[in-house]
$ cat final22.csv   # CSV, C-alpha atoms
chain,number,residue,atom,x,y,z
A,1,MET,CA,116.7,-52.8,103.5
A,2,SER,CA,116.4,-50.8,106.6
A,3,ASP,CA,114.3,-52.1,109.4
A,4,MET,CA,113.1,-48.7,110.5
A,5,SER,CA,109.6,-48.3,111.7
A,6,PRO,CA,107.4,-46.4,109.3
A,7,PHE,CA,106.5,-44.3,112.4
A,8,SER,CA,110.1,-43.3,112.9
A,9,ALA,CA,110.7,-39.5,113.0
A,10,VAL,CA,114.2,-40.0,111.7
A,11,PRO,CA,114.8,-39.9,107.9
A,12,ASP,CA,115.2,-43.4,106.3
A,13,ASP,CA,118.6,-43.0,104.7
A,14,GLU,CA,118.3,-46.1,102.5
A,15,LEU,CA,114.9,-45.2,101.2
A,16,GLY,CA,116.0,-41.6,100.8
A,17,SER,CA,119.0,-42.6,98.8
A,18,ALA,CA,117.0,-44.9,96.6
A,19,LEU,CA,114.5,-42.2,95.9
A,20,ARG,CA,117.2,-39.6,95.1
A,21,ASP,CA,118.7,-42.1,92.6
A,22,ALA,CA,115.3,-42.9,91.1
A,23,LEU,CA,114.4,-39.3,90.6
A,24,GLU,CA,117.8,-38.0,89.5
A,25,ALA,CA,117.2,-36.0,86.4
A,26,PRO,CA,119.8,-36.3,83.6
A,27,HIS,CA,121.8,-33.5,82.0
A,28,HIS,CA,122.3,-31.3,85.0
A,29,ALA,CA,124.7,-29.0,83.2
A,30,ALA,CA,122.4,-28.4,80.3
A,31,PHE,CA,119.5,-27.6,82.6
A,32,VAL,CA,121.6,-25.2,84.7
A,33,GLY,CA,122.9,-23.5,81.5
A,34,ARG,CA,119.3,-23.1,80.2
A,35,VAL,CA,118.2,-21.4,83.4
A,36,ARG,CA,121.3,-19.2,83.6
A,37,SER,CA,120.8,-18.1,80.0
A,38,ARG,CA,117.3,-16.9,80.9
A,39,LEU,CA,118.2,-14.9,84.0
A,40,GLY,CA,119.1,-11.9,82.0
A,41,GLN,CA,115.8,-12.0,80.0
A,42,ARG,CA,113.7,-12.0,83.1
A,43,SER,CA,113.4,-8.6,84.8
A,44,ARG,CA,113.7,-8.4,88.5
A,45,ALA,CA,110.8,-7.3,90.8
A,46,TRP,CA,112.3,-3.9,91.5
A,47,GLU,CA,112.7,-3.3,87.8
A,48,ASP,CA,109.1,-4.2,87.3
A,49,GLU,CA,108.1,-1.8,90.0
A,50,LEU,CA,110.2,1.0,88.5
A,51,ALA,CA,108.8,0.2,85.1
A,52,GLY,CA,105.3,0.5,86.6
A,53,TRP,CA,106.1,3.8,88.2
A,54,PHE,CA,107.7,5.0,85.0
A,55,TRP,CA,104.5,4.7,83.0
A,56,GLN,CA,102.5,6.1,85.9
A,57,GLY,CA,104.9,9.1,85.9
A,58,VAL,CA,104.4,9.5,82.1
A,59,VAL,CA,100.6,9.5,82.5
A,60,ALA,CA,100.7,11.9,85.4
A,61,ALA,CA,103.1,14.3,83.6
A,62,SER,CA,100.9,14.2,80.5
A,63,LEU,CA,97.8,14.9,82.5
A,64,ALA,CA,99.5,17.8,84.3
A,65,THR,CA,100.6,19.3,81.0
A,66,VAL,CA,97.1,19.0,79.5
A,67,LEU,CA,95.6,20.6,82.6
A,68,ALA,CA,98.1,23.4,82.7
A,69,GLY,CA,97.6,24.1,79.0
A,70,TRP,CA,93.8,24.1,79.5
A,71,GLY,CA,94.1,26.5,82.4
A,72,TRP,CA,96.4,28.9,80.6
A,73,SER,CA,94.1,29.0,77.5
A,74,GLN,CA,91.1,29.6,79.8
A,75,ALA,CA,92.9,32.5,81.4
A,76,ALA,CA,94.1,34.0,78.1
A,77,THR,CA,90.6,34.0,76.5
A,78,ASN,CA,88.5,34.9,79.5
A,79,PRO,CA,86.3,37.9,78.4
A,80,ASP,CA,85.6,38.7,82.1
A,81,VAL,CA,89.2,40.0,82.5
A,82,ASP,CA,88.9,42.5,79.6
A,83,ALA,CA,85.5,43.6,80.8
A,84,SER,CA,86.6,44.3,84.3
A,85,VAL,CA,89.6,46.3,83.2
A,86,ALA,CA,87.5,48.5,80.9
A,87,SER,CA,84.9,49.1,83.6
A,88,GLU,CA,87.6,50.0,86.1
A,89,LEU,CA,89.0,52.5,83.5
A,90,LEU,CA,85.5,54.0,82.9
A,91,MET,CA,84.8,54.2,86.6
A,92,GLY,CA,88.1,56.0,87.2
A,93,GLU,CA,89.0,53.4,89.8
A,94,ARG,CA,92.6,53.0,88.6
A,95,PRO,CA,95.2,55.7,88.9
A,96,GLY,CA,95.8,57.5,85.6
A,97,SER,CA,92.6,56.2,84.1
A,98,GLU,CA,91.5,59.7,83.1
A,99,ILE,CA,94.6,60.1,81.0
A,100,LEU,CA,94.1,56.7,79.3
A,101,LEU,CA,90.5,57.5,78.7
A,102,VAL,CA,91.3,60.8,77.1
A,103,ALA,CA,94.0,59.3,75.0
A,104,MET,CA,91.7,56.6,73.8
A,105,THR,CA,88.8,59.0,72.9
A,106,GLU,CA,91.2,61.4,71.1
A,107,GLY,CA,92.7,58.5,69.2
A,108,GLN,CA,89.2,57.8,67.8
B,1,MET,CA,128.0,-24.9,100.7
B,2,THR,CA,126.8,-23.7,104.1
B,3,ASP,CA,123.7,-21.8,104.9
B,4,MET,CA,125.9,-18.7,105.4
B,5,ASP,CA,127.4,-19.1,102.0
B,6,GLU,CA,124.0,-19.4,100.5
B,7,ALA,CA,122.7,-16.3,102.3
B,8,ALA,CA,125.8,-14.4,101.0
B,9,LEU,CA,125.1,-15.6,97.5
B,10,ALA,CA,121.4,-14.7,97.8
B,11,GLY,CA,122.5,-11.3,99.1
B,12,ARG,CA,124.7,-10.7,96.1
B,13,ALA,CA,121.9,-12.0,93.8
B,14,ALA,CA,119.5,-9.5,95.4
B,15,LYS,CA,121.9,-6.8,94.2
B,16,GLY,CA,121.6,-8.1,90.7
B,17,ASP,CA,124.5,-10.5,90.6
B,18,ALA,CA,123.3,-13.2,88.1
B,19,ASP,CA,126.4,-15.3,88.6
B,20,ALA,CA,125.7,-15.6,92.3
B,21,PHE,CA,122.2,-16.7,91.6
B,22,GLY,CA,123.5,-19.1,88.9
B,23,ALA,CA,125.7,-20.7,91.6
B,24,LEU,CA,122.5,-21.2,93.7
B,25,VAL,CA,120.8,-22.7,90.7
B,26,ASP,CA,123.7,-25.1,90.2
B,27,ARG,CA,123.5,-26.2,93.8
B,28,HIS,CA,119.8,-26.7,94.1
B,29,ALA,CA,118.8,-27.8,90.6
B,30,PRO,CA,118.9,-31.6,91.4
B,31,MET,CA,116.6,-31.2,94.4
B,32,ALA,CA,114.3,-28.7,92.5
B,33,ARG,CA,114.0,-31.1,89.6
B,34,ARG,CA,113.2,-34.1,91.9
B,35,VAL,CA,110.5,-32.1,93.8
B,36,ALA,CA,109.0,-30.9,90.5
B,37,TYR,CA,109.0,-34.5,89.1
B,38,THR,CA,107.4,-35.8,92.2
B,39,ILE,CA,104.5,-33.4,91.6
B,40,LEU,CA,104.3,-33.6,87.8
B,41,GLU,CA,105.5,-37.2,87.1
B,42,ASP,CA,107.0,-36.1,83.8
B,43,GLN,CA,110.6,-35.1,83.4
B,44,GLN,CA,110.0,-32.4,80.7
B,45,ASP,CA,107.2,-30.8,82.7
B,46,ALA,CA,109.3,-31.1,85.8
B,47,ASP,CA,112.2,-29.2,84.1
B,48,ASP,CA,109.9,-26.5,82.8
B,49,ALA,CA,108.4,-26.1,86.3
B,50,ALA,CA,111.9,-26.1,87.9
B,51,GLN,CA,113.1,-23.5,85.5
B,52,GLU,CA,110.0,-21.3,86.1
B,53,GLY,CA,110.6,-21.7,89.8
B,54,PHE,CA,114.2,-20.5,89.6
B,55,LEU,CA,113.2,-17.6,87.4
B,56,SER,CA,110.4,-16.7,89.9
B,57,ALA,CA,113.0,-16.9,92.7
B,58,TRP,CA,115.3,-14.7,90.8
B,59,GLN,CA,112.6,-12.1,90.4
B,60,ALA,CA,111.7,-12.2,94.1
B,61,ILE,CA,115.2,-12.6,95.5
B,62,ASP,CA,115.2,-9.1,97.0
B,63,ARG,CA,112.2,-10.2,99.2
B,64,TYR,CA,114.2,-13.2,100.6
B,65,ASP,CA,114.9,-12.8,104.3
B,66,ALA,CA,118.6,-13.6,104.7
B,67,ARG,CA,118.1,-14.5,108.4
B,68,ARG,CA,116.2,-17.6,107.3
B,69,ALA,CA,117.5,-20.6,105.4
B,70,PHE,CA,117.5,-20.2,101.6
B,71,ARG,CA,116.6,-23.8,100.7
B,72,PRO,CA,113.1,-24.0,102.2
B,73,TRP,CA,112.3,-20.6,100.7
B,74,LEU,CA,113.3,-21.8,97.3
B,75,MET,CA,111.6,-25.2,97.6
B,76,GLN,CA,108.3,-23.4,98.5
B,77,ILE,CA,108.6,-21.5,95.3
B,78,MET,CA,109.3,-24.8,93.4
B,79,VAL,CA,106.3,-26.6,94.8
B,80,ASN,CA,104.1,-23.6,93.8
B,81,ALA,CA,105.6,-23.5,90.3
B,82,ALA,CA,105.1,-27.2,89.8
B,83,ARG,CA,101.5,-27.1,91.1
B,84,ASP,CA,100.9,-24.1,88.9
B,85,LEU,CA,102.2,-25.9,85.8
B,86,ARG,CA,100.1,-28.9,86.6
B,87,ARG,CA,97.0,-26.7,86.5
B,88,ARG,CA,98.1,-25.3,83.1
B,89,ARG,CA,99.4,-28.6,81.8
B,90,ARG,CA,97.0,-29.0,79.0
B,91,VAL,CA,98.2,-25.8,77.3
B,92,ARG,CA,101.9,-26.3,78.0
B,93,THR,CA,104.5,-25.6,75.4
B,94,THR,CA,107.4,-27.9,75.5
B,95,GLU,CA,111.0,-26.9,75.2
B,96,SER,CA,113.7,-29.5,74.7
B,97,LEU,CA,117.1,-29.4,76.4
B,98,ASP,CA,120.2,-29.4,74.3
B,99,PHE,CA,121.0,-32.9,75.6
B,100,VAL,CA,124.5,-34.1,76.0
B,101,SER,CA,124.9,-37.8,76.5
B,102,ALA,CA,125.7,-38.4,80.1
B,103,VAL,CA,125.0,-42.1,80.5
B,104,SER,CA,127.8,-44.0,82.0
B,105,LYS,CA,128.6,-47.4,80.5
B,106,ASP,CA,131.1,-48.4,83.0
B,107,ASP,CA,129.0,-51.1,84.6
B,108,PRO,CA,126.0,-52.0,82.4
B,109,ALA,CA,124.7,-54.8,84.7
B,110,LYS,CA,124.6,-52.5,87.7
B,111,GLU,CA,123.0,-49.8,85.6
B,112,VAL,CA,120.2,-52.1,84.5
B,113,GLY,CA,119.6,-53.1,88.1
B,114,ALA,CA,119.5,-49.5,89.2
B,115,LEU,CA,117.1,-48.5,86.4
B,116,ASP,CA,114.9,-51.4,87.4
B,117,LEU,CA,114.7,-50.2,91.0
B,118,GLY,CA,114.3,-46.6,89.9
B,119,ASP,CA,111.4,-47.5,87.5
B,120,ARG,CA,109.7,-49.5,90.2
B,121,LEU,CA,110.1,-46.8,92.8
B,122,LYS,CA,108.7,-44.3,90.3
B,123,ALA,CA,105.8,-46.6,89.5
B,124,ALA,CA,105.1,-47.0,93.3
B,125,LEU,CA,105.3,-43.2,93.8
B,126,ALA,CA,102.7,-42.8,91.1
B,127,THR,CA,100.2,-44.8,93.0
B,128,LEU,CA,100.5,-42.4,96.0
B,129,PRO,CA,98.5,-39.2,96.4
B,130,GLU,CA,100.7,-36.1,95.6
B,131,ARG,CA,100.9,-35.0,99.2
B,132,GLN,CA,102.2,-38.4,100.4
B,133,ARG,CA,104.7,-38.4,97.5
B,134,LEU,CA,106.0,-35.0,98.5
B,135,ALA,CA,106.1,-35.7,102.2
B,136,VAL,CA,108.2,-38.8,101.9
B,137,LEU,CA,110.5,-37.3,99.3
B,138,LEU,CA,111.1,-34.1,101.3
B,139,PHE,CA,111.5,-35.9,104.6
B,140,ASP,CA,113.5,-39.1,103.7
B,141,ALA,CA,115.3,-38.0,100.5
B,142,GLU,CA,115.8,-34.3,101.0
B,143,GLY,CA,116.1,-34.2,104.7
B,144,TYR,CA,113.6,-31.5,105.6
B,145,PRO,CA,112.2,-31.5,109.2
B,146,GLN,CA,108.6,-32.4,109.4
B,147,ALA,CA,107.6,-29.0,110.8
B,148,GLU,CA,109.2,-27.3,107.8
B,149,ILE,CA,107.4,-29.6,105.3
B,150,ALA,CA,104.2,-28.8,107.1
B,151,ALA,CA,104.8,-25.1,106.6
B,152,MET,CA,105.9,-25.6,103.0
B,153,LEU,CA,102.8,-27.6,102.1
B,154,GLY,CA,100.4,-25.6,104.3
B,155,ILE,CA,99.2,-28.7,106.2
B,156,PRO,CA,99.4,-29.7,110.0
B,157,GLU,CA,102.6,-31.4,111.1
B,158,GLY,CA,100.5,-34.5,112.2
B,159,THR,CA,99.3,-34.8,108.6
B,160,VAL,CA,102.9,-34.8,107.4
B,161,LYS,CA,103.8,-37.6,109.8
B,162,SER,CA,100.8,-39.6,108.6
B,163,ASP,CA,101.7,-39.0,104.9
B,164,VAL,CA,105.3,-40.0,105.6
B,165,PHE,CA,104.1,-43.2,107.3
B,166,HIS,CA,101.8,-44.2,104.4
B,167,GLY,CA,104.3,-43.2,101.7
B,168,ARG,CA,107.1,-45.1,103.4
B,169,ARG,CA,105.1,-48.2,103.8
B,170,ALA,CA,104.3,-48.4,100.1
B,171,LEU,CA,107.8,-47.6,98.9
B,172,ARG,CA,109.4,-50.0,101.3
B,173,LYS,CA,107.4,-52.9,99.8
B,174,VAL,CA,109.0,-52.1,96.5
B,175,LEU,CA,112.5,-51.8,98.0
B,176,GLY,CA,112.0,-55.1,99.8
B,177,SER,CA,110.8,-57.0,96.7
B,178,VAL,CA,113.6,-55.7,94.5
B,179,LYS,CA,116.2,-56.6,97.2
B,180,GLU,CA,114.8,-60.1,97.5
B,181,GLU,CA,115.2,-60.5,93.7
B,182,TRP,CA,118.7,-59.3,93.8
B,183,ASP,CA,119.5,-61.7,96.6
B,184,GLU,CA,118.2,-64.7,94.7
$ encode --input "final22.csv" --output "structure tokens"
Amino acid sequence: MSDMSPFSAVPDDELGSALRDALEAPHHAAFVGRVRSRLGQRSRAWEDELAGWFWQGVVAASLATVLAGWGWSQAATNPDVDASVASELLMGERPGSEILLVAMTEGQ
Amino acid sequence: MTDMDEAALAGRAAKGDADAFGALVDRHAPMARRVAYTILEDQQDADDAAQEGFLSAWQAIDRYDARRAFRPWLMQIMVNAARDLRRRRRVRTTESLDFVSAVSKDDPAKEVGALDLGDRLKAALATLPERQRLAVLLFDAEGYPQAEIAAMLGIPEGTVKSDVFHGRRALRKVLGSVKEEWDE
């Protein structure tokens, strides 16, 4: 056995070698094969990040679509738009409004 | 394999090369399994933890700084994986290796002697606190500098020195007694 002091700051080769032998796990190749076979099943960090962004993107696009649809439907059914055009025609504020007004009343 | 080779392999692995990472697994599996065993004191748990550590490293390989040594980075992950498994030990699920017989029968007498010493050393290790076990293993068996062990375990360097001292003292008693028996 080595006569090294326990205080020594140099590794004890004999003890180290005995420890490595004592803790040597069997079936190295089988273990390495097992880990290698799982590498493909485990996604990488950047893939996880992309996957996270993908779903955030889907949610954002869905929200944008819903908001755009809601805005368009609001604009299409807004009664204020029709009322303001009719009042402008009646007030004669738009060019050619007299002709339109006559055509509409004659049509009735 | 030099540090530069390892950095090159890690660089390839960071680009998604699983074979390059597999070469690193092949190289570091013995050490990873010893470190995991030292924490968990059960080979099956140790293998599960070492596997989890390697898969965590694979997932995080693009965050590895190639200017620094690969081995301490990996061992830090291994220590964390083993400690994490110890916390979850009660709900662990076991997975058996597809074992292939690897026991050499060339020299049975020597093998019995080696097993005897190994078992006694394991028993002596089990009597030590986890930090002392790790300190003496990482310093004497794996060759890490004490400052690096301190950084890895998140403790002051002086504590590592003290742990190595106490761990060595206990393990040397075992080594000494076995050697005396062999000499008789």
$ interface_residues --input "final22.csv" --of "chain B" --to "chain A" --cutoff "6 Å" --atoms "only C-alpha atoms" --output "list in words"
Gly22, Asp26, Arg34, Gln51, Gln59, Ala60, Gly118, Asp140, Ala141 and Phe165 of chain B
$ write_last_selection --input "final22.csv" --atoms "C-alpha atoms" --output "PDB file, in the frame of the given file"
ATOM      1  CA  GLY B  22     123.500 -19.100  88.900  1.00  0.00           C
ATOM      2  CA  ASP B  26     123.700 -25.100  90.200  1.00  0.00           C
ATOM      3  CA  ARG B  34     113.200 -34.100  91.900  1.00  0.00           C
ATOM      4  CA  GLN B  51     113.100 -23.500  85.500  1.00  0.00           C
ATOM      5  CA  GLN B  59     112.600 -12.100  90.400  1.00  0.00           C
ATOM      6  CA  ALA B  60     111.700 -12.200  94.100  1.00  0.00           C
ATOM      7  CA  GLY B 118     114.300 -46.600  89.900  1.00  0.00           C
ATOM      8  CA  ASP B 140     113.500 -39.100 103.700  1.00  0.00           C
ATOM      9  CA  ALA B 141     115.300 -38.000 100.500  1.00  0.00           C
ATOM     10  CA  PHE B 165     104.100 -43.200 107.300  1.00  0.00           C
TER      11      PHE B 165
END
$ atom_distance --input "final22.csv" --atom1 "CA of Ala10 (chain B)" --atom2 "CA of Trp58 (chain B)"
9.3 Å
$ atom_distance --input "final22.csv" --atom1 "CA of Leu128 (chain B)" --atom2 "CA of His166 (chain B)"
8.7 Å
$ atom_distance --input "final22.csv" --atom1 "CA of Ala49 (chain B)" --atom2 "CA of Pro30 (chain B)"
12.9 Å
$ closest_residue --input "final22.csv" --among "B:Leu40, B:Leu55, B:Ala66, B:Val178" --to "Gly11 (chain B)" --atoms "only C-alpha atoms"
B:Ala66
$ residues_near_point --input "final22.csv" --point "(104.4, -26.8, 87.2)" --cutoff "8 Å" --atoms "all atoms listed in the file" --output "ChimeraX atom specification"
/B:36,39-40,45-46,48-50,52,79-89
$ closest_residue --input "final22.csv" --among "B:Ser177, B:Lys122, B:Met75, B:Arg27" --to "Asp42 (chain B)" --atoms "all atoms listed in the file"
B:Lys122
$ closest_residue --input "final22.csv" --among "B:Ala13, B:Asp47, B:Arg71, B:Gln132" --to "Glu148 (chain B)" --atoms "all atoms listed in the file"
B:Arg71
$ closest_residue --input "final22.csv" --among "B:Tyr64, B:Ser162, B:Trp182, B:Leu134" --to "Ala14 (chain B)" --atoms "all atoms listed in the file"
B:Tyr64
